[in-house]
Structure formats: structure tokens, C-alpha cells
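Chemist: Below is a structure I'd like to ask you about.
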Amino acid sequence: MSEITRIGVLTSGGDAPGMNAAIRAVVRSGIYNGFSVYGIRRGYEGLLTGDMTEMNLRSVSNIMSRGGTILNTARSKAFNTQEGIERAKNMADIFRLDAIVVIGGDGSFRGARDLARVGVKVMGIPATIDNDIGCSDYTIGFDTALNTVTDAIDKIKDTAYSHERCSVVEVMGRDAGYIALHAGIANGAEAVILPEKSFELNNDIIKPIIDCRNRGKHHYVVVIAEGVGDSAKISEQIQNITGIRTTTTILGHLQRGGKPTVRDRVNAGLMAARATELLKAGVYNRIIATKGEQIVDIDIEEALNMKKTIDDRMISTSKILSL
Ligand code: F6P
């Protein structure tokens, strides 16, 4: 039987639509499983300072459809030191937290692993719009962000079509191109540029645009992930070389907000419920993940060593589909 009776929950790193649905599910399923549940504010910052309060079934009413996170989030510099980890453990002891559920991305899970190494029991739930967590096929927030991006590019394409222009659209993804690649396919981009793959302006952008023009196209979309660099400069180069009027749109933080989609709500609910179910069974230091449609759990040390790579077939298919 589990010795765990009191758990904390926090959101950390960049926010993602669906984090609230995950908080709600941790609180509801946690209470169902017999735990008291503490909401920790501002991620690891709140753990360091003891900024936490007990939540009840009604504390999480009417939050599932809201973007962002009611617990707030942060990237804590103070926590990211050995002293910070020890202080956080001490605060977990002061509040008699038997385990902490961390909702966030890779950086947040590295923090959770550091806590696990000093004896704090943890559980991780992947939430980031970037979908770049090695151990999980899917991360909460990705679908909502993609729908936002797709909707935005549809609108940009309307005006690009009318004016016969080229639209360069920069999407989020400092280190990961999953948003860019999926949006590229969903929006029929003539070129998609990702941080994981080096690119050559003439071969990967200019030539496809000119070829498409010669095959009868009059408007073009180039999707660039944020981590690639200066999208405005690339835009200028496209215009200078092709003579096609080229605009730049940086979608920015628009992509991180908004109502979570059904996919994000359902994943948040199922992942969080699995997290508290495992804690009840006395299992901890795991990351909840998806493998295809299945919800699985993986040892946190092992999970952090797993790598996910861009599927090259998706890149080649995206090129074929925009011919
Ligand atoms: O949450 C992931 C992410 O959106 C990345 O794609 C992006 O590079 C980063 O966060 C930006 O974070 P912030 O706006 O918090 O600096």
C-alpha cells in the first residue's frame, strides 16, 4: 500500500493550452484516490518559497476550457542549483508533501529528476506546445497550438492569394520543428525550415518557389521555426532574388494561448488520472507518456535520455504535397 497521502501539483516552463485541464484532473483524481492535493504557484519558484495551498474539488471548477495555467508558471533560476534543489526538498518536507506532480516540458522534468535524486517523489506530465519531449509521442498543448497556427496561416493565405505574394510565417520552436512541420503540411507550405535540419536558401526556398510559380502558382507560404533565425531577413532575400513581394508574420505568443482542443483536454485528463493512480499504487519517479494512442509510464532517468527525431518522410511528403 502507498505511503503517499499528500501531493503537490505545479506547472513549470512555458505554458501550454491544456495545463488547466491537467491540473483539474490531478486534483479531482488525486482526491478520488484519497490524497490531499496542494497547488504550488509559479512552478519551482513557489516550491522554493512555500507558495502553496490545499485545493478541493471545486477549486478546479470551470478551468478546463481555459488556456494558460491557474497556478501560474515560471522558469526558476534559483531552483536550478544544488542549493536550490535542497531548499525545495526542505520546503516539500515542511509541507509534508509525499510526492509532487510536475506538469511541463523537458527542462521541468530535469528539475523533477534532480528532486527525485535528493529523495522527493515525483511524477511528470508532458505539456509543451513544442511536442519535443523525447519519451512521449504527444505533449499536451501541441494540438491546440497547431490549430491556432493553421487558422492563422489560412488567413494569411487569403491575402497572399489576393495580392499574389509570398508569406513567410515564423512559428514557435526554439529547438524543435514539430509545429513548423505539421503546420507546413496542414497549410500546404512551399517550404518548411526547421532548426533540426540545416538549409540552403537557394535549394530549399528559392528554387521550390520559382518551380511552383512556373507550374502556375501565384502565392506561396514558407513556414520557418523560430530557432532557425532571422525570418525577416529570409523574407527580404526571397523578395530580392525572386522579385515576388514577400511579407513576414511572426505568430509569437498567440500560439501559446487559447481554449484547449478536445485532444489536449482528453490527453490531459487521461495522463493526470494515470499519474495519481500510480501514486496510489506506490509507484513514483515516472513520466507519463503516450506511445501511439496508449498512455504509458517511464522511469524518469530513462525518459530523459530518450530522443525523438523529425520524421524525414514527413518532410519529403510535405514537398510533394505542395508541388
Ligand atoms: O513553450 C515552448 C516555447 O514556446 C518555445 O517554442 C519558445 O521558443 C519558447 O517557449 C519561448 O518561451 P518564452 O516566451 O517563455 O520565452
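Here, A, B, ... name the chains of the C-alpha cells in the order displayed, residue numbers run from 1 inside each chain, and ligands are numbered from 1 in the same displayed order.
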Find the residues near Tyr32 (chain A): any atom within 10 Å, counting only C-alpha atoms, skip ones fewer than 6 places away on the same chain, and give them as an mmCIF file with all heavy atoms, in the first residue's frame.
Modeler:
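Final file, around.cif:
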data_model
loop_
_atom_site.group_PDB
_atom_site.id
_atom_site.type_symbol
_atom_site.label_atom_id
_atom_site.label_comp_id
_atom_site.auth_asym_id
_atom_site.auth_seq_id
_atom_site.Cartn_x
_atom_site.Cartn_y
_atom_site.Cartn_z
ATOM 1 N N VAL A 26 -5.543 16.266 -12.040
ATOM 2 C CA VAL A 26 -4.702 15.830 -10.906
ATOM 3 C C VAL A 26 -5.481 16.027 -9.604
ATOM 4 O O VAL A 26 -5.517 15.146 -8.735
ATOM 5 C CB VAL A 26 -3.370 16.625 -10.852
ATOM 6 C CG1 VAL A 26 -2.636 16.370 -9.532
ATOM 7 C CG2 VAL A 26 -2.471 16.265 -12.028
ATOM 8 N N LEU A 57 -12.236 19.907 -4.600
ATOM 9 C CA LEU A 57 -12.883 19.553 -5.868
ATOM 10 C C LEU A 57 -13.368 20.787 -6.619
ATOM 11 O O LEU A 57 -13.330 20.849 -7.841
ATOM 12 C CB LEU A 57 -14.065 18.605 -5.604
ATOM 13 C CG LEU A 57 -13.686 17.217 -5.068
ATOM 14 C CD1 LEU A 57 -14.925 16.460 -4.611
ATOM 15 C CD2 LEU A 57 -12.925 16.416 -6.121
ATOM 16 N N ALA A 273 -4.859 11.406 -14.629
ATOM 17 C CA ALA A 273 -5.503 10.330 -13.867
ATOM 18 C C ALA A 273 -4.539 9.168 -13.692
ATOM 19 O O ALA A 273 -4.472 8.556 -12.623
ATOM 20 C CB ALA A 273 -6.778 9.874 -14.574
ATOM 21 N N THR A 276 -1.978 9.944 -10.798
ATOM 22 C CA THR A 276 -2.426 9.775 -9.402
ATOM 23 C C THR A 276 -2.727 8.304 -9.091
ATOM 24 O O THR A 276 -2.520 7.844 -7.972
ATOM 25 C CB THR A 276 -3.659 10.651 -9.085
ATOM 26 O OG1 THR A 276 -4.732 10.267 -9.922
ATOM 27 C CG2 THR A 276 -3.357 12.130 -9.251
ATOM 28 N N GLU A 277 -3.176 7.574 -10.116
ATOM 29 C CA GLU A 277 -3.434 6.143 -9.944
ATOM 30 C C GLU A 277 -2.127 5.418 -9.583
ATOM 31 O O GLU A 277 -2.093 4.582 -8.681
ATOM 32 C CB GLU A 277 -3.936 5.654 -11.299
ATOM 33 C CG GLU A 277 -4.713 4.377 -11.371
ATOM 34 C CD GLU A 277 -5.089 4.186 -12.844
ATOM 35 O OE1 GLU A 277 -5.968 4.933 -13.330
ATOM 36 O OE2 GLU A 277 -4.465 3.342 -13.511
#
Chemist: Identify, counting only C-alpha atoms and all ligand atoms, the protein, DNA and RNA residues located within 9 Å of ligand 1, and give them as a PDB file with N, CA, C and O atoms, in the first residue's frame.
Modeler:
ATOM      1  N   GLY A  13       7.834  26.036 -16.680  1.00  0.00           N
ATOM      2  CA  GLY A  13       8.293  26.303 -18.050  1.00  0.00           C
ATOM      3  C   GLY A  13       7.257  27.094 -18.828  1.00  0.00           C
ATOM      4  O   GLY A  13       6.353  27.708 -18.246  1.00  0.00           O
ATOM      5  N   GLY A  14       7.360  27.056 -20.155  1.00  0.00           N
ATOM      6  CA  GLY A  14       6.379  27.769 -20.991  1.00  0.00           C
ATOM      7  C   GLY A  14       4.996  27.167 -20.809  1.00  0.00           C
ATOM      8  O   GLY A  14       4.857  25.951 -20.733  1.00  0.00           O
ATOM      9  N   ASP A  15       3.970  28.002 -20.722  1.00  0.00           N
ATOM     10  CA  ASP A  15       2.622  27.442 -20.534  1.00  0.00           C
ATOM     11  C   ASP A  15       2.156  26.751 -21.818  1.00  0.00           C
ATOM     12  O   ASP A  15       2.754  26.928 -22.887  1.00  0.00           O
ATOM     13  N   ALA A  16       1.117  25.956 -21.686  1.00  0.00           N
ATOM     14  CA  ALA A  16       0.569  25.245 -22.849  1.00  0.00           C
ATOM     15  C   ALA A  16      -0.920  25.061 -22.629  1.00  0.00           C
ATOM     16  O   ALA A  16      -1.339  24.745 -21.509  1.00  0.00           O
ATOM     17  N   ALA A  74       6.714  29.471 -14.237  1.00  0.00           N
ATOM     18  CA  ALA A  74       7.945  30.254 -14.276  1.00  0.00           C
ATOM     19  C   ALA A  74       9.088  29.351 -14.689  1.00  0.00           C
ATOM     20  O   ALA A  74       8.958  28.129 -14.685  1.00  0.00           O
ATOM     21  N   ARG A  75      10.185  29.992 -15.084  1.00  0.00           N
ATOM     22  CA  ARG A  75      11.438  29.242 -15.278  1.00  0.00           C
ATOM     23  C   ARG A  75      12.346  29.717 -14.154  1.00  0.00           C
ATOM     24  O   ARG A  75      12.855  30.829 -14.206  1.00  0.00           O
ATOM     25  N   GLY A 104       4.811  19.953 -17.304  1.00  0.00           N
ATOM     26  CA  GLY A 104       5.693  20.859 -18.041  1.00  0.00           C
ATOM     27  C   GLY A 104       6.477  20.135 -19.111  1.00  0.00           C
ATOM     28  O   GLY A 104       6.109  19.034 -19.524  1.00  0.00           O
ATOM     29  N   GLY A 105       7.572  20.752 -19.531  1.00  0.00           N
ATOM     30  CA  GLY A 105       8.390  20.191 -20.602  1.00  0.00           C
ATOM     31  C   GLY A 105       9.691  19.591 -20.082  1.00  0.00           C
ATOM     32  O   GLY A 105       9.830  19.323 -18.879  1.00  0.00           O
ATOM     33  N   ALA A 127       3.699  18.603 -20.951  1.00  0.00           N
ATOM     34  CA  ALA A 127       2.869  19.669 -21.514  1.00  0.00           C
ATOM     35  C   ALA A 127       3.782  20.739 -22.100  1.00  0.00           C
ATOM     36  O   ALA A 127       4.503  21.408 -21.371  1.00  0.00           O
ATOM     37  N   THR A 128       3.800  20.832 -23.386  1.00  0.00           N
ATOM     38  CA  THR A 128       4.501  21.913 -24.086  1.00  0.00           C
ATOM     39  C   THR A 128       3.976  21.955 -25.513  1.00  0.00           C
ATOM     40  O   THR A 128       3.755  20.896 -26.124  1.00  0.00           O
ATOM     41  N   ILE A 129       3.807  23.163 -26.033  1.00  0.00           N
ATOM     42  CA  ILE A 129       3.283  23.251 -27.404  1.00  0.00           C
ATOM     43  C   ILE A 129       4.281  22.693 -28.418  1.00  0.00           C
ATOM     44  O   ILE A 129       3.905  22.365 -29.535  1.00  0.00           O
ATOM     45  N   ASP A 130       5.553  22.589 -28.015  1.00  0.00           N
ATOM     46  CA  ASP A 130       6.592  22.185 -28.970  1.00  0.00           C
ATOM     47  C   ASP A 130       6.578  20.696 -29.330  1.00  0.00           C
ATOM     48  O   ASP A 130       7.212  20.292 -30.303  1.00  0.00           O
ATOM     49  N   ASN A 131       5.913  19.876 -28.527  1.00  0.00           N
ATOM     50  CA  ASN A 131       5.883  18.402 -28.721  1.00  0.00           C
ATOM     51  C   ASN A 131       7.289  17.809 -28.805  1.00  0.00           C
ATOM     52  O   ASN A 131       7.528  16.873 -29.574  1.00  0.00           O
ATOM     53  N   VAL A 171       6.918  30.400 -36.814  1.00  0.00           N
ATOM     54  CA  VAL A 171       6.165  29.761 -35.737  1.00  0.00           C
ATOM     55  C   VAL A 171       7.104  29.434 -34.585  1.00  0.00           C
ATOM     56  O   VAL A 171       8.327  29.462 -34.734  1.00  0.00           O
ATOM     57  N   MET A 172       6.534  29.104 -33.421  1.00  0.00           N
ATOM     58  CA  MET A 172       7.378  28.813 -32.259  1.00  0.00           C
ATOM     59  C   MET A 172       8.149  27.507 -32.434  1.00  0.00           C
ATOM     60  O   MET A 172       7.770  26.650 -33.228  1.00  0.00           O
ATOM     61  N   GLY A 173       9.170  27.376 -31.635  1.00  0.00           N
ATOM     62  CA  GLY A 173      10.019  26.186 -31.674  1.00  0.00           C
ATOM     63  C   GLY A 173      11.465  26.630 -31.701  1.00  0.00           C
ATOM     64  O   GLY A 173      12.052  26.777 -32.761  1.00  0.00           O
ATOM     65  N   ARG A 174      12.000  26.881 -30.494  1.00  0.00           N
ATOM     66  CA  ARG A 174      13.390  27.355 -30.423  1.00  0.00           C
ATOM     67  C   ARG A 174      14.337  26.232 -30.833  1.00  0.00           C
ATOM     68  O   ARG A 174      15.314  26.448 -31.518  1.00  0.00           O
ATOM     69  N   ASP A 175      14.001  25.026 -30.365  1.00  0.00           N
ATOM     70  CA  ASP A 175      14.879  23.889 -30.665  1.00  0.00           C
ATOM     71  C   ASP A 175      14.179  22.806 -31.467  1.00  0.00           C
ATOM     72  O   ASP A 175      14.811  21.830 -31.850  1.00  0.00           O
ATOM     73  N   ALA A 176      12.889  22.950 -31.662  1.00  0.00           N
ATOM     74  CA  ALA A 176      12.142  21.848 -32.274  1.00  0.00           C
ATOM     75  C   ALA A 176      11.249  22.341 -33.404  1.00  0.00           C
ATOM     76  O   ALA A 176      10.620  23.387 -33.307  1.00  0.00           O
ATOM     77  N   GLY A 177      11.187  21.534 -34.474  1.00  0.00           N
ATOM     78  CA  GLY A 177      10.427  21.951 -35.649  1.00  0.00           C
ATOM     79  C   GLY A 177       9.098  21.239 -35.824  1.00  0.00           C
ATOM     80  O   GLY A 177       8.524  21.262 -36.916  1.00  0.00           O
ATOM     81  N   ILE A 179       6.064  21.906 -34.707  1.00  0.00           N
ATOM     82  CA  ILE A 179       4.956  22.807 -35.068  1.00  0.00           C
ATOM     83  C   ILE A 179       5.110  23.210 -36.535  1.00  0.00           C
ATOM     84  O   ILE A 179       4.162  23.132 -37.319  1.00  0.00           O
ATOM     85  N   ALA A 225      10.599  27.775 -38.413  1.00  0.00           N
ATOM     86  CA  ALA A 225      10.570  27.651 -36.947  1.00  0.00           C
ATOM     87  C   ALA A 225      11.474  28.730 -36.350  1.00  0.00           C
ATOM     88  O   ALA A 225      12.535  29.041 -36.904  1.00  0.00           O
ATOM     89  N   GLU A 226      11.027  29.257 -35.242  1.00  0.00           N
ATOM     90  CA  GLU A 226      11.723  30.341 -34.533  1.00  0.00           C
ATOM     91  C   GLU A 226      13.234  30.102 -34.376  1.00  0.00           C
ATOM     92  O   GLU A 226      14.045  31.004 -34.582  1.00  0.00           O
ATOM     93  N   GLY A 227      13.592  28.843 -34.059  1.00  0.00           N
ATOM     94  CA  GLY A 227      15.000  28.535 -33.789  1.00  0.00           C
ATOM     95  C   GLY A 227      15.906  28.656 -35.002  1.00  0.00           C
ATOM     96  O   GLY A 227      17.132  28.678 -34.875  1.00  0.00           O
ATOM     97  N   GLY A 252       4.388  34.283 -32.814  1.00  0.00           N
ATOM     98  CA  GLY A 252       4.723  34.558 -31.414  1.00  0.00           C
ATOM     99  C   GLY A 252       3.818  33.894 -30.391  1.00  0.00           C
ATOM    100  O   GLY A 252       3.326  32.781 -30.594  1.00  0.00           O
ATOM    101  N   HIS A 253       3.554  34.626 -29.298  1.00  0.00           N
ATOM    102  CA  HIS A 253       2.859  34.027 -28.151  1.00  0.00           C
ATOM    103  C   HIS A 253       1.383  33.736 -28.381  1.00  0.00           C
ATOM    104  O   HIS A 253       0.766  33.053 -27.561  1.00  0.00           O
ATOM    105  N   GLN A 255       0.436  31.662 -30.186  1.00  0.00           N
ATOM    106  CA  GLN A 255       0.411  30.197 -30.300  1.00  0.00           C
ATOM    107  C   GLN A 255       0.302  29.484 -28.964  1.00  0.00           C
ATOM    108  O   GLN A 255       0.003  28.306 -28.898  1.00  0.00           O
ATOM    109  N   ARG A 256       0.601  30.194 -27.881  1.00  0.00           N
ATOM    110  CA  ARG A 256       0.594  29.510 -26.576  1.00  0.00           C
ATOM    111  C   ARG A 256      -0.730  29.642 -25.837  1.00  0.00           C
ATOM    112  O   ARG A 256      -0.942  29.004 -24.811  1.00  0.00           O
TER     113      ARG A 256
END
Chemist: Per DSSP on the backbone, what are the helix (DSSP H, G or I) residues of region 27-122 of chain A, as an mmCIF file with C-alpha atoms, in the first residue's frame?
Modeler:
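To be explicit, this is the file written out as result_0.cif:
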data_model
loop_
_atom_site.group_PDB
_atom_site.id
_atom_site.type_symbol
_atom_site.label_atom_id
_atom_site.label_comp_id
_atom_site.auth_asym_id
_atom_site.auth_seq_id
_atom_site.Cartn_x
_atom_site.Cartn_y
_atom_site.Cartn_z
ATOM 1 C CA VAL A 27 -6.854 17.498 -8.236
ATOM 2 C CA ARG A 28 -10.039 15.546 -8.968
ATOM 3 C CA SER A 29 -8.427 12.139 -9.482
ATOM 4 C CA GLY A 30 -5.998 12.804 -6.612
ATOM 5 C CA ILE A 31 -8.855 13.484 -4.188
ATOM 6 C CA TYR A 32 -10.729 10.475 -5.584
ATOM 7 C CA TYR A 44 9.567 25.588 -8.749
ATOM 8 C CA GLU A 45 9.626 29.232 -7.570
ATOM 9 C CA GLY A 46 6.568 28.505 -5.447
ATOM 10 C CA LEU A 47 8.083 25.287 -4.168
ATOM 11 C CA LEU A 48 11.163 27.209 -3.008
ATOM 12 C CA THR A 49 9.105 29.810 -1.169
ATOM 13 C CA LEU A 57 -12.883 19.553 -5.868
ATOM 14 C CA ARG A 58 -14.364 22.995 -6.517
ATOM 15 C CA SER A 59 -11.010 24.846 -6.772
ATOM 16 C CA VAL A 60 -10.728 23.477 -10.275
ATOM 17 C CA GLN A 82 22.190 22.177 -5.916
ATOM 18 C CA GLU A 83 21.350 24.625 -3.135
ATOM 19 C CA GLY A 84 18.002 25.357 -4.799
ATOM 20 C CA ILE A 85 17.167 21.658 -5.054
ATOM 21 C CA GLU A 86 17.979 21.146 -1.343
ATOM 22 C CA ARG A 87 15.858 24.155 -0.403
ATOM 23 C CA ALA A 88 12.979 22.819 -2.487
ATOM 24 C CA LYS A 89 13.252 19.413 -0.793
ATOM 25 C CA ASN A 90 13.227 21.106 2.599
ATOM 26 C CA MET A 91 10.066 23.026 1.677
ATOM 27 C CA ALA A 92 8.417 19.819 0.441
ATOM 28 C CA ASP A 93 9.251 18.310 3.865
ATOM 29 C CA ILE A 94 7.890 21.364 5.715
ATOM 30 C CA ASP A 106 11.897 18.779 -20.704
ATOM 31 C CA GLY A 107 13.505 21.458 -18.512
ATOM 32 C CA SER A 108 10.800 20.965 -15.893
ATOM 33 C CA PHE A 109 11.404 17.220 -15.924
ATOM 34 C CA ARG A 110 15.134 17.724 -15.430
ATOM 35 C CA GLY A 111 14.174 19.689 -12.308
ATOM 36 C CA ALA A 112 11.885 16.835 -11.228
ATOM 37 C CA ARG A 113 14.691 14.335 -11.767
ATOM 38 C CA ASP A 114 17.002 16.462 -9.584
ATOM 39 C CA LEU A 115 14.341 16.427 -6.865
ATOM 40 C CA ALA A 116 13.975 12.658 -7.225
ATOM 41 C CA ARG A 117 17.732 12.297 -6.754
#
Chemist: Suppose you want the space between CA of Lys121 (chain A) and CA of Pro260 (chain A); what is it in Å?
Modeler: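 Separation of CA of Lys121 (chain A) and CA of Pro260 (chain A): 28.9 Å.
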Chemist: When you count only C-alpha atoms, which of these residues is closest to Ala99 (chain A): A:Thr5, A:Gln294, A:Asn80, A:Ser167?
Modeler: A:Thr5
Chemist: If you run DSSP over the backbone, which residues in region 124-315 of chain A end up strand (DSSP E or B)? Put them as a PyMOL selection string.
Modeler: chain A and resi 124-127+140+166-171+191-193+220-225+246-250+286-291+294-299
Chemist: Based on the selection just made, write N, CA and C atoms of those residues as a short mmCIF file (atom, residue, chain, number, x, y, z; two decimals), in the first residue's frame.
Modeler:
data_model
loop_
_atom_site.label_atom_id
_atom_site.label_comp_id
_atom_site.auth_asym_id
_atom_site.auth_seq_id
_atom_site.Cartn_x
_atom_site.Cartn_y
_atom_site.Cartn_z
N GLY A 124 5.84 13.09 -13.65
CA GLY A 124 5.84 14.13 -14.69
C GLY A 124 4.72 13.94 -15.69
N ILE A 125 4.10 15.05 -16.07
CA ILE A 125 3.07 15.03 -17.13
C ILE A 125 3.53 15.98 -18.24
N PRO A 126 3.77 15.48 -19.47
CA PRO A 126 4.32 16.32 -20.53
C PRO A 126 3.34 17.35 -21.09
N ALA A 127 3.70 18.60 -20.95
CA ALA A 127 2.87 19.67 -21.51
C ALA A 127 3.78 20.74 -22.10
N ILE A 140 0.85 17.64 -24.21
CA ILE A 140 -0.37 18.46 -24.06
C ILE A 140 -0.08 19.89 -24.58
N CYS A 166 4.25 36.17 -51.52
CA CYS A 166 4.84 35.07 -50.74
C CYS A 166 4.74 35.45 -49.26
N SER A 167 4.30 34.52 -48.42
CA SER A 167 4.20 34.81 -46.99
C SER A 167 5.18 33.94 -46.23
N VAL A 168 6.07 34.62 -45.52
CA VAL A 168 6.95 33.89 -44.61
C VAL A 168 6.29 33.95 -43.24
N VAL A 169 6.07 32.79 -42.64
CA VAL A 169 5.41 32.74 -41.32
C VAL A 169 6.36 32.08 -40.33
N GLU A 170 6.70 32.82 -39.28
CA GLU A 170 7.57 32.23 -38.25
C GLU A 170 6.70 31.67 -37.13
N VAL A 171 6.92 30.40 -36.81
CA VAL A 171 6.17 29.76 -35.74
C VAL A 171 7.10 29.43 -34.58
N ALA A 191 7.68 25.70 -48.64
CA ALA A 191 8.95 25.36 -47.98
C ALA A 191 8.74 25.39 -46.47
N VAL A 192 9.40 24.45 -45.78
CA VAL A 192 9.34 24.40 -44.31
C VAL A 192 10.77 24.31 -43.81
N ILE A 193 11.14 25.21 -42.92
CA ILE A 193 12.53 25.25 -42.46
C ILE A 193 12.56 25.00 -40.94
N TYR A 220 2.52 31.88 -52.22
CA TYR A 220 3.45 30.89 -51.65
C TYR A 220 3.53 31.09 -50.14
N VAL A 221 3.75 29.98 -49.44
CA VAL A 221 3.93 30.08 -47.98
C VAL A 221 5.24 29.40 -47.60
N VAL A 222 6.02 30.08 -46.80
CA VAL A 222 7.24 29.49 -46.25
C VAL A 222 7.08 29.50 -44.74
N VAL A 223 7.12 28.32 -44.12
CA VAL A 223 7.00 28.25 -42.66
C VAL A 223 8.39 28.06 -42.07
N ILE A 224 8.73 28.93 -41.12
CA ILE A 224 10.06 28.87 -40.52
C ILE A 224 9.91 28.74 -39.01
N ALA A 225 10.60 27.78 -38.41
CA ALA A 225 10.57 27.65 -36.95
C ALA A 225 11.47 28.73 -36.35
N THR A 246 7.21 39.80 -50.74
CA THR A 246 7.22 38.81 -49.65
C THR A 246 7.00 39.49 -48.31
N THR A 247 6.06 38.96 -47.52
CA THR A 247 5.75 39.53 -46.21
C THR A 247 6.21 38.57 -45.11
N THR A 248 6.39 39.11 -43.92
CA THR A 248 6.78 38.27 -42.77
C THR A 248 5.74 38.40 -41.68
N THR A 249 5.31 37.28 -41.13
CA THR A 249 4.43 37.31 -39.96
C THR A 249 5.05 36.43 -38.89
N ILE A 250 5.28 37.01 -37.72
CA ILE A 250 5.80 36.22 -36.60
C ILE A 250 4.62 35.95 -35.67
N ARG A 286 8.22 8.63 -12.24
CA ARG A 286 7.87 8.22 -13.60
C ARG A 286 7.41 9.43 -14.41
N ILE A 287 7.59 9.35 -15.72
CA ILE A 287 6.98 10.34 -16.62
C ILE A 287 5.83 9.61 -17.32
N ILE A 288 4.67 10.23 -17.29
CA ILE A 288 3.54 9.68 -18.03
C ILE A 288 3.74 10.09 -19.49
N ALA A 289 3.54 9.15 -20.40
CA ALA A 289 3.82 9.47 -21.81
C ALA A 289 2.77 8.80 -22.69
N THR A 290 2.79 9.17 -23.98
CA THR A 290 1.94 8.42 -24.91
C THR A 290 2.84 7.66 -25.87
N LYS A 291 2.39 6.47 -26.20
CA LYS A 291 3.05 5.67 -27.24
C LYS A 291 1.93 5.32 -28.20
N GLN A 294 -1.64 4.84 -26.77
CA GLN A 294 -1.58 4.30 -25.41
C GLN A 294 -0.95 5.28 -24.43
N ILE A 295 -1.47 5.28 -23.20
CA ILE A 295 -0.81 6.05 -22.13
C ILE A 295 0.13 5.07 -21.41
N VAL A 296 1.39 5.46 -21.32
CA VAL A 296 2.38 4.58 -20.68
C VAL A 296 3.12 5.40 -19.61
N ASP A 297 3.96 4.74 -18.82
CA ASP A 297 4.79 5.49 -17.87
C ASP A 297 6.21 4.95 -17.92
N ILE A 298 7.17 5.88 -17.78
CA ILE A 298 8.58 5.54 -17.99
C ILE A 298 9.40 6.11 -16.84
N ASP A 299 10.39 5.34 -16.37
CA ASP A 299 11.27 5.83 -15.32
C ASP A 299 11.87 7.19 -15.71
#
